[in-house]
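Presented below is the structure to which this report refers.
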Amino acid sequence: NAGVTQTPKFQVLKTGQSMTLQCAQDMNHNSMYWYRQDPGMGLRLIYYSASEGTTDKGEVPNGYNVSRLNKREFSLRLESAAPSQTSVYFCASNRPGEQYFGPGTRLTVT
Amino acid sequence: RKEVEQDPGPFNVPEGATVAFNCTYSNSASQSFFWYRQDCRKEPKLLMSVYSSGNEDGRFTAQLNRASQYISLLIRDSKLSDSATYLCVVNEAYKYIFGTGTRLKVLA
């Protein structure tokens, strides 16, 4: 039981490049989330998926797209990376009362 | 006003000390409340849920005051291993709203 896995762990992009962050969970949870964490800002919700086939915007969705591929997988895409998207990205899945987080992706955009 | 506010600290305390963290939230309709722990450069992990009646888990005690929209965490007999950032989290439907965290450093 791996819990929540994320790939890659680290990534450096140039401004304007695109990439997809992958997330998968093996706990059969319905809800999945993408957050970004910046110093002094706490975790901010980018998008979430309450169940397979649905996605909704969170607090900071601009510049991102998501796909809930199936119940296990929830990916986050940056179409044209900007330096303001330099951050640590966490994926989480949820059962009532607890969120389980992946180990994070550290993204730097130069 | 931020939805969830915490004192960022840092709180530097000696081993064995008792330390308390506070958190306020703005939405009176918030449904559930939690404390998460985050170690440096790691993912957050659930420390404990917070109930209106208060709850205790070993050296950790959490309290909720819905009237004042206030949550607290008390750590007794602090250990070096308690050094971390403690995140106050409020749940509203599908959303989990995180405070910016309070840093604790326990000194030998």
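Going through the structure tokens in order, the chains are called A, B, and so on, while each chain numbers its residues from 1 and the ligands are numbered from 1 in the order shown.
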Requested in this report: Find the residues near A:Phe101: any atom within 12 Å, counting only C-alpha atoms, skip ones fewer than 6 places away on the same chain, and give them as a PyMOL selection string.
Outcome: (chain A and resi 2-6+23-25+27+32-36+43+89-95) or (chain B and resi 36-38+42-46)
Query raised in the report: Which residues of chain A are close to chain B, meaning at most 9 Å apart when you count only C-alpha atoms, and how do they look as a PyMOL selection string?
Result: chain A and resi 31+39-45+48-50+58+88+90+97-104
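When the distance limit is 12 Å and only C-alpha atoms are what count, the residues near A:Gln17, minus those fewer than 6 positions from it on the same chain, are Gln11, Arg77, Leu78, Glu79, Ser80, Ala81, Ala82, Pro83, Gln85, Thr108, Val109 and Thr110 of chain A.
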Output all heavy atoms for every residue in the selection just made, as a PDB file, in the first residue's frame.
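That gives us again.pdb:
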```pdb
ATOM      1  N   GLN A  11      11.813  19.180 -10.532  1.00  0.00           N
ATOM      2  CA  GLN A  11      11.764  19.546 -11.938  1.00  0.00           C
ATOM      3  C   GLN A  11      12.199  20.989 -12.094  1.00  0.00           C
ATOM      4  O   GLN A  11      11.807  21.838 -11.286  1.00  0.00           O
ATOM      5  CB  GLN A  11      10.351  19.377 -12.492  1.00  0.00           C
ATOM      6  CG  GLN A  11      10.213  19.642 -13.980  1.00  0.00           C
ATOM      7  CD  GLN A  11      10.855  18.567 -14.833  1.00  0.00           C
ATOM      8  OE1 GLN A  11      10.640  17.374 -14.633  1.00  0.00           O
ATOM      9  NE2 GLN A  11      11.668  18.990 -15.786  1.00  0.00           N
ATOM     10  N   ARG A  77      -1.474  19.948 -15.010  1.00  0.00           N
ATOM     11  CA  ARG A  77      -0.689  20.367 -16.166  1.00  0.00           C
ATOM     12  C   ARG A  77      -0.435  21.863 -16.132  1.00  0.00           C
ATOM     13  O   ARG A  77      -1.376  22.653 -15.890  1.00  0.00           O
ATOM     14  CB  ARG A  77      -1.385  19.980 -17.462  1.00  0.00           C
ATOM     15  CG  ARG A  77      -0.569  20.349 -18.712  1.00  0.00           C
ATOM     16  CD  ARG A  77      -0.980  19.562 -19.919  1.00  0.00           C
ATOM     17  NE  ARG A  77      -0.214  19.976 -21.097  1.00  0.00           N
ATOM     18  CZ  ARG A  77       1.002  19.507 -21.404  1.00  0.00           C
ATOM     19  NH1 ARG A  77       1.591  18.610 -20.625  1.00  0.00           N
ATOM     20  NH2 ARG A  77       1.627  19.916 -22.491  1.00  0.00           N
ATOM     21  N   LEU A  78       0.814  22.219 -16.388  1.00  0.00           N
ATOM     22  CA  LEU A  78       1.195  23.613 -16.599  1.00  0.00           C
ATOM     23  C   LEU A  78       1.422  23.771 -18.093  1.00  0.00           C
ATOM     24  O   LEU A  78       2.337  23.157 -18.654  1.00  0.00           O
ATOM     25  CB  LEU A  78       2.484  23.968 -15.848  1.00  0.00           C
ATOM     26  CG  LEU A  78       2.406  24.108 -14.328  1.00  0.00           C
ATOM     27  CD1 LEU A  78       2.215  22.763 -13.640  1.00  0.00           C
ATOM     28  CD2 LEU A  78       3.677  24.787 -13.805  1.00  0.00           C
ATOM     29  N   GLU A  79       0.598  24.535 -18.759  1.00  0.00           N
ATOM     30  CA  GLU A  79       0.685  24.658 -20.212  1.00  0.00           C
ATOM     31  C   GLU A  79       1.842  25.551 -20.642  1.00  0.00           C
ATOM     32  O   GLU A  79       2.509  25.288 -21.628  1.00  0.00           O
ATOM     33  CB  GLU A  79      -0.620  25.216 -20.777  1.00  0.00           C
ATOM     34  CG  GLU A  79      -1.795  24.262 -20.715  1.00  0.00           C
ATOM     35  CD  GLU A  79      -1.643  23.055 -21.644  1.00  0.00           C
ATOM     36  OE1 GLU A  79      -0.703  23.026 -22.471  1.00  0.00           O
ATOM     37  OE2 GLU A  79      -2.466  22.119 -21.535  1.00  0.00           O
ATOM     38  N   SER A  80       2.085  26.623 -19.895  1.00  0.00           N
ATOM     39  CA  SER A  80       3.147  27.566 -20.238  1.00  0.00           C
ATOM     40  C   SER A  80       3.707  28.096 -18.924  1.00  0.00           C
ATOM     41  O   SER A  80       3.173  29.060 -18.363  1.00  0.00           O
ATOM     42  CB  SER A  80       2.598  28.703 -21.106  1.00  0.00           C
ATOM     43  OG  SER A  80       3.620  29.629 -21.415  1.00  0.00           O
ATOM     44  N   ALA A  81       4.734  27.433 -18.434  1.00  0.00           N
ATOM     45  CA  ALA A  81       5.224  27.720 -17.093  1.00  0.00           C
ATOM     46  C   ALA A  81       5.746  29.151 -16.966  1.00  0.00           C
ATOM     47  O   ALA A  81       6.351  29.706 -17.891  1.00  0.00           O
ATOM     48  CB  ALA A  81       6.323  26.731 -16.723  1.00  0.00           C
ATOM     49  N   ALA A  82       5.500  29.729 -15.783  1.00  0.00           N
ATOM     50  CA  ALA A  82       5.963  31.077 -15.456  1.00  0.00           C
ATOM     51  C   ALA A  82       6.744  31.020 -14.148  1.00  0.00           C
ATOM     52  O   ALA A  82       6.482  30.140 -13.314  1.00  0.00           O
ATOM     53  CB  ALA A  82       4.768  32.017 -15.313  1.00  0.00           C
ATOM     54  N   PRO A  83       7.684  31.955 -13.940  1.00  0.00           N
ATOM     55  CA  PRO A  83       8.450  31.954 -12.681  1.00  0.00           C
ATOM     56  C   PRO A  83       7.562  31.992 -11.436  1.00  0.00           C
ATOM     57  O   PRO A  83       7.936  31.435 -10.405  1.00  0.00           O
ATOM     58  CB  PRO A  83       9.313  33.219 -12.812  1.00  0.00           C
ATOM     59  CG  PRO A  83       9.513  33.378 -14.281  1.00  0.00           C
ATOM     60  CD  PRO A  83       8.212  32.948 -14.898  1.00  0.00           C
ATOM     61  N   GLN A  85       5.133  30.289 -10.867  1.00  0.00           N
ATOM     62  CA  GLN A  85       4.689  28.936 -10.564  1.00  0.00           C
ATOM     63  C   GLN A  85       5.785  28.105  -9.891  1.00  0.00           C
ATOM     64  O   GLN A  85       5.572  26.917  -9.607  1.00  0.00           O
ATOM     65  CB  GLN A  85       4.188  28.242 -11.840  1.00  0.00           C
ATOM     66  CG  GLN A  85       2.930  28.892 -12.372  1.00  0.00           C
ATOM     67  CD  GLN A  85       2.425  28.277 -13.661  1.00  0.00           C
ATOM     68  OE1 GLN A  85       3.158  28.177 -14.661  1.00  0.00           O
ATOM     69  NE2 GLN A  85       1.175  27.851 -13.670  1.00  0.00           N
ATOM     70  N   THR A 108      10.916  24.368 -10.109  1.00  0.00           N
ATOM     71  CA  THR A 108      11.544  25.680 -10.291  1.00  0.00           C
ATOM     72  C   THR A 108      11.378  26.088 -11.742  1.00  0.00           C
ATOM     73  O   THR A 108      11.685  25.303 -12.649  1.00  0.00           O
ATOM     74  CB  THR A 108      13.046  25.636  -9.940  1.00  0.00           C
ATOM     75  OG1 THR A 108      13.185  25.226  -8.581  1.00  0.00           O
ATOM     76  CG2 THR A 108      13.689  27.006 -10.125  1.00  0.00           C
ATOM     77  N   VAL A 109      10.888  27.303 -11.954  1.00  0.00           N
ATOM     78  CA  VAL A 109      10.737  27.837 -13.311  1.00  0.00           C
ATOM     79  C   VAL A 109      11.673  29.027 -13.450  1.00  0.00           C
ATOM     80  O   VAL A 109      11.586  29.993 -12.692  1.00  0.00           O
ATOM     81  CB  VAL A 109       9.286  28.271 -13.592  1.00  0.00           C
ATOM     82  CG1 VAL A 109       9.159  28.753 -15.054  1.00  0.00           C
ATOM     83  CG2 VAL A 109       8.317  27.141 -13.313  1.00  0.00           C
ATOM     84  N   THR A 110      12.591  28.914 -14.410  1.00  0.00           N
ATOM     85  CA  THR A 110      13.601  29.978 -14.572  1.00  0.00           C
ATOM     86  C   THR A 110      13.284  30.884 -15.761  1.00  0.00           C
ATOM     87  O   THR A 110      12.462  30.543 -16.613  1.00  0.00           O
ATOM     88  CB  THR A 110      14.989  29.359 -14.772  1.00  0.00           C
ATOM     89  OG1 THR A 110      14.962  28.555 -15.953  1.00  0.00           O
ATOM     90  CG2 THR A 110      15.367  28.481 -13.590  1.00  0.00           C
TER      91      THR A 110
END
```
Where in chain B does DSSP assign strand (DSSP E), given as a CSV table (one decimal) with N, CA, C and O atoms, in the first residue's frame?
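Output saved as part-v7.csv:
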```
chain,number,residue,atom,x,y,z
B,4,VAL,N,-8.0,31.3,7.8
B,4,VAL,CA,-7.5,30.6,8.9
B,4,VAL,C,-6.2,31.3,9.3
B,4,VAL,O,-5.3,31.4,8.5
B,5,GLU,N,-6.1,31.8,10.5
B,5,GLU,CA,-5.0,32.5,11.0
B,5,GLU,C,-4.2,31.9,12.1
B,5,GLU,O,-4.9,31.4,13.1
B,6,GLN,N,-2.9,31.8,12.0
B,6,GLN,CA,-2.1,31.3,13.0
B,6,GLN,C,-0.9,32.2,13.3
B,6,GLN,O,-0.4,32.9,12.3
B,11,PHE,N,8.3,29.3,17.8
B,11,PHE,CA,8.3,29.1,19.3
B,11,PHE,C,9.5,28.3,19.6
B,11,PHE,O,9.7,27.2,19.1
B,12,ASN,N,10.5,28.8,20.4
B,12,ASN,CA,11.6,28.1,20.8
B,12,ASN,C,11.5,27.7,22.3
B,12,ASN,O,11.4,28.6,23.1
B,13,VAL,N,11.3,26.5,22.6
B,13,VAL,CA,11.1,26.0,23.9
B,13,VAL,C,12.1,25.0,24.4
B,13,VAL,O,12.6,24.2,23.5
B,14,PRO,N,12.4,24.9,25.7
B,14,PRO,CA,13.3,23.8,26.1
B,14,PRO,C,12.6,22.5,26.2
B,14,PRO,O,11.3,22.5,26.3
B,19,VAL,N,3.8,23.9,25.6
B,19,VAL,CA,3.6,25.0,24.7
B,19,VAL,C,2.2,24.9,24.1
B,19,VAL,O,1.7,23.8,23.9
B,20,ALA,N,1.7,26.1,23.8
B,20,ALA,CA,0.3,26.1,23.3
B,20,ALA,C,0.3,26.9,22.0
B,20,ALA,O,0.9,28.0,21.9
B,21,PHE,N,-0.5,26.4,21.0
B,21,PHE,CA,-0.7,27.2,19.7
B,21,PHE,C,-2.1,27.5,19.6
B,21,PHE,O,-3.0,26.7,19.9
B,22,ASN,N,-2.4,28.6,19.0
B,22,ASN,CA,-3.8,29.0,18.8
B,22,ASN,C,-4.0,29.3,17.3
B,22,ASN,O,-3.1,29.5,16.5
B,23,CYS,N,-5.3,29.2,16.9
B,23,CYS,CA,-5.7,29.4,15.5
B,23,CYS,C,-7.1,29.9,15.5
B,23,CYS,O,-7.9,29.5,16.4
B,24,THR,N,-7.4,30.9,14.7
B,24,THR,CA,-8.8,31.4,14.5
B,24,THR,C,-9.2,31.2,13.1
B,24,THR,O,-8.4,31.2,12.2
B,25,TYR,N,-10.5,31.0,12.9
B,25,TYR,CA,-11.1,30.8,11.6
B,25,TYR,C,-12.2,31.7,11.4
B,25,TYR,O,-12.9,32.1,12.3
B,32,SER,N,-15.4,20.8,10.2
B,32,SER,CA,-14.5,20.0,10.9
B,32,SER,C,-13.1,20.7,11.0
B,32,SER,O,-12.8,21.6,10.2
B,33,PHE,N,-12.4,20.3,12.0
B,33,PHE,CA,-11.1,21.0,12.4
B,33,PHE,C,-10.0,20.0,12.7
B,33,PHE,O,-10.3,18.9,13.3
B,34,PHE,N,-8.8,20.4,12.3
B,34,PHE,CA,-7.7,19.4,12.4
B,34,PHE,C,-6.4,20.2,12.8
B,34,PHE,O,-6.3,21.4,12.4
B,35,TRP,N,-5.5,19.4,13.3
B,35,TRP,CA,-4.1,19.9,13.4
B,35,TRP,C,-3.3,18.9,12.6
B,35,TRP,O,-3.4,17.7,12.8
B,36,TYR,N,-2.4,19.4,11.7
B,36,TYR,CA,-1.5,18.7,10.9
B,36,TYR,C,-0.1,19.1,11.3
B,36,TYR,O,0.1,20.2,11.7
B,37,ARG,N,0.8,18.1,11.2
B,37,ARG,CA,2.2,18.4,11.4
B,37,ARG,C,3.0,18.3,10.1
B,37,ARG,O,2.7,17.4,9.3
B,38,GLN,N,3.9,19.2,9.9
B,38,GLN,CA,4.7,19.2,8.7
B,38,GLN,C,6.2,19.4,9.1
B,38,GLN,O,6.6,20.4,9.7
B,45,LYS,N,1.1,15.8,7.7
B,45,LYS,CA,0.5,14.5,8.1
B,45,LYS,C,-0.5,14.9,9.3
B,45,LYS,O,-0.2,15.8,10.1
B,46,LEU,N,-1.6,14.2,9.3
B,46,LEU,CA,-2.6,14.4,10.3
B,46,LEU,C,-2.0,14.2,11.7
B,46,LEU,O,-1.5,13.1,12.0
B,47,LEU,N,-2.1,15.1,12.6
B,47,LEU,CA,-1.7,15.0,14.0
B,47,LEU,C,-3.0,14.5,14.8
B,47,LEU,O,-2.9,13.5,15.5
B,48,MET,N,-4.0,15.3,14.7
B,48,MET,CA,-5.2,15.0,15.4
B,48,MET,C,-6.4,15.8,14.9
B,48,MET,O,-6.2,16.9,14.4
B,49,SER,N,-7.6,15.2,15.0
B,49,SER,CA,-8.8,16.0,14.8
B,49,SER,C,-9.2,16.7,16.0
B,49,SER,O,-8.7,16.4,17.1
B,50,VAL,N,-10.0,17.8,15.9
B,50,VAL,CA,-10.4,18.6,17.0
B,50,VAL,C,-11.9,18.6,17.2
B,50,VAL,O,-12.6,18.9,16.2
B,55,ASN,N,-10.2,17.0,22.9
B,55,ASN,CA,-9.7,15.6,22.8
B,55,ASN,C,-8.2,15.6,23.1
B,55,ASN,O,-7.5,16.6,22.9
B,56,GLU,N,-7.7,14.5,23.6
B,56,GLU,CA,-6.4,14.3,24.0
B,56,GLU,C,-5.8,13.0,23.4
B,56,GLU,O,-6.5,12.0,23.2
B,57,ASP,N,-4.5,13.2,23.0
B,57,ASP,CA,-3.8,12.0,22.4
B,57,ASP,C,-2.4,12.0,23.0
B,57,ASP,O,-1.5,12.8,22.5
B,60,PHE,N,-0.6,15.5,23.7
B,60,PHE,CA,-1.3,16.5,22.8
B,60,PHE,C,-2.7,16.6,23.2
B,60,PHE,O,-3.4,15.6,23.3
B,61,THR,N,-3.2,17.9,23.4
B,61,THR,CA,-4.6,18.1,23.7
B,61,THR,C,-5.1,19.2,22.7
B,61,THR,O,-4.4,20.3,22.6
B,62,ALA,N,-6.2,19.0,22.1
B,62,ALA,CA,-6.8,19.9,21.2
B,62,ALA,C,-8.1,20.4,21.7
B,62,ALA,O,-8.9,19.6,22.3
B,63,GLN,N,-8.4,21.7,21.5
B,63,GLN,CA,-9.7,22.2,21.9
B,63,GLN,C,-10.3,23.1,20.8
B,63,GLN,O,-9.6,23.7,20.0
B,64,LEU,N,-11.6,23.1,20.8
B,64,LEU,CA,-12.4,23.9,19.8
B,64,LEU,C,-13.4,24.7,20.5
B,64,LEU,O,-14.1,24.2,21.4
B,65,ASN,N,-13.4,26.0,20.2
B,65,ASN,CA,-14.4,26.9,20.8
B,65,ASN,C,-15.1,27.5,19.6
B,65,ASN,O,-14.7,28.4,18.9
B,70,TYR,N,-12.2,29.5,17.4
B,70,TYR,CA,-10.9,29.4,17.9
B,70,TYR,C,-10.5,28.0,18.2
B,70,TYR,O,-11.4,27.2,18.7
B,71,ILE,N,-9.3,27.6,17.8
B,71,ILE,CA,-8.8,26.2,17.9
B,71,ILE,C,-7.5,26.3,18.6
B,71,ILE,O,-6.7,27.2,18.3
B,72,SER,N,-7.2,25.4,19.5
B,72,SER,CA,-5.9,25.4,20.2
B,72,SER,C,-5.3,24.0,20.2
B,72,SER,O,-6.0,23.0,20.0
B,73,LEU,N,-4.0,24.0,20.3
B,73,LEU,CA,-3.2,22.7,20.5
B,73,LEU,C,-2.2,22.9,21.6
B,73,LEU,O,-1.5,23.9,21.6
B,74,LEU,N,-2.3,22.0,22.6
B,74,LEU,CA,-1.4,22.1,23.7
B,74,LEU,C,-0.4,20.9,23.7
B,74,LEU,O,-0.9,19.7,23.5
B,75,ILE,N,0.9,21.1,23.8
B,75,ILE,CA,1.8,20.0,23.8
B,75,ILE,C,2.5,20.1,25.2
B,75,ILE,O,3.1,21.1,25.5
B,84,ALA,N,8.8,21.0,14.5
B,84,ALA,CA,8.1,20.9,13.2
B,84,ALA,C,7.2,22.1,13.1
B,84,ALA,O,7.2,23.0,13.9
B,85,THR,N,6.5,22.2,12.0
B,85,THR,CA,5.5,23.2,11.8
B,85,THR,C,4.2,22.6,12.0
B,85,THR,O,3.9,21.5,11.4
B,86,TYR,N,3.3,23.3,12.7
B,86,TYR,CA,2.0,22.7,13.0
B,86,TYR,C,0.9,23.6,12.3
B,86,TYR,O,0.9,24.8,12.4
B,87,LEU,N,0.1,22.9,11.5
B,87,LEU,CA,-0.8,23.5,10.6
B,87,LEU,C,-2.2,23.3,11.1
B,87,LEU,O,-2.7,22.2,11.4
B,88,CYS,N,-2.9,24.4,11.3
B,88,CYS,CA,-4.3,24.4,11.6
B,88,CYS,C,-5.2,24.3,10.4
B,88,CYS,O,-4.9,25.0,9.4
B,89,VAL,N,-6.1,23.4,10.3
B,89,VAL,CA,-6.9,23.1,9.1
B,89,VAL,C,-8.4,23.1,9.4
B,89,VAL,O,-8.8,22.5,10.4
B,90,VAL,N,-9.1,23.7,8.5
B,90,VAL,CA,-10.6,23.8,8.7
B,90,VAL,C,-11.2,23.2,7.4
B,90,VAL,O,-10.8,23.5,6.3
B,91,ASN,N,-12.2,22.4,7.6
B,91,ASN,CA,-12.9,21.8,6.5
B,91,ASN,C,-14.3,22.4,6.3
B,91,ASN,O,-15.1,22.6,7.2
B,92,GLU,N,-14.5,22.7,5.0
B,92,GLU,CA,-15.8,23.2,4.6
B,92,GLU,C,-16.3,22.4,3.4
B,92,GLU,O,-15.7,22.6,2.3
B,95,LYS,N,-13.7,21.3,0.7
B,95,LYS,CA,-12.5,22.1,0.8
B,95,LYS,C,-11.8,22.0,2.2
B,95,LYS,O,-12.5,22.0,3.2
B,96,TYR,N,-10.5,21.9,2.2
B,96,TYR,CA,-9.7,22.0,3.4
B,96,TYR,C,-8.8,23.2,3.3
B,96,TYR,O,-8.1,23.4,2.4
B,97,ILE,N,-9.0,24.1,4.3
B,97,ILE,CA,-8.3,25.4,4.3
B,97,ILE,C,-7.2,25.3,5.4
B,97,ILE,O,-7.5,25.1,6.5
B,98,PHE,N,-6.0,25.6,4.9
B,98,PHE,CA,-4.8,25.5,5.8
B,98,PHE,C,-4.4,26.8,6.3
B,98,PHE,O,-4.3,27.8,5.5
B,102,THR,N,2.5,27.2,12.4
B,102,THR,CA,3.3,27.7,13.5
B,102,THR,C,4.5,26.8,13.7
B,102,THR,O,4.4,25.6,13.8
B,103,ARG,N,5.7,27.5,13.6
B,103,ARG,CA,7.0,26.7,13.7
B,103,ARG,C,7.3,26.5,15.2
B,103,ARG,O,7.3,27.4,16.0
B,104,LEU,N,7.6,25.3,15.5
B,104,LEU,CA,8.1,24.9,16.9
B,104,LEU,C,9.5,24.4,16.8
B,104,LEU,O,9.7,23.5,16.0
B,105,LYS,N,10.4,24.9,17.7
B,105,LYS,CA,11.7,24.3,17.8
B,105,LYS,C,11.9,24.0,19.3
B,105,LYS,O,11.8,24.8,20.1
B,106,VAL,N,12.1,22.7,19.6
B,106,VAL,CA,12.4,22.3,20.9
B,106,VAL,C,13.9,22.1,21.1
B,106,VAL,O,14.5,21.4,20.3
B,107,LEU,N,14.4,22.8,22.1
B,107,LEU,CA,15.8,22.9,22.3
B,107,LEU,C,16.3,22.0,23.4
B,107,LEU,O,15.6,21.8,24.5
```
**Report entry** Residues within 7 Å of B:Asp77, only C-alpha atoms, excluding chain neighbours under 4 positions, as a ChimeraX atom specification
**Finding:** /B:15-18,59
Query - atom CA of B:Ala108 to atom CA of B:Ser78, distance in Å rounded to a single decimal - result: 10.2 Å
**Report entry** Two-atom distance - atom CA of A:Asp56, atom CA of A:Asn1 (Å)
**Finding:** 27.6 Å
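Across the structure, atom CA of A:Phe74 and atom CA of B:Ala29 are spaced 28.7 Å apart.
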Requested in this report: Find the residues near A:Gln22: any atom within 8 Å, counting only C-alpha atoms, skip ones fewer than 3 places away on the same chain, and give them as a PyMOL selection string.
Outcome: chain A and resi 6-8+73-76
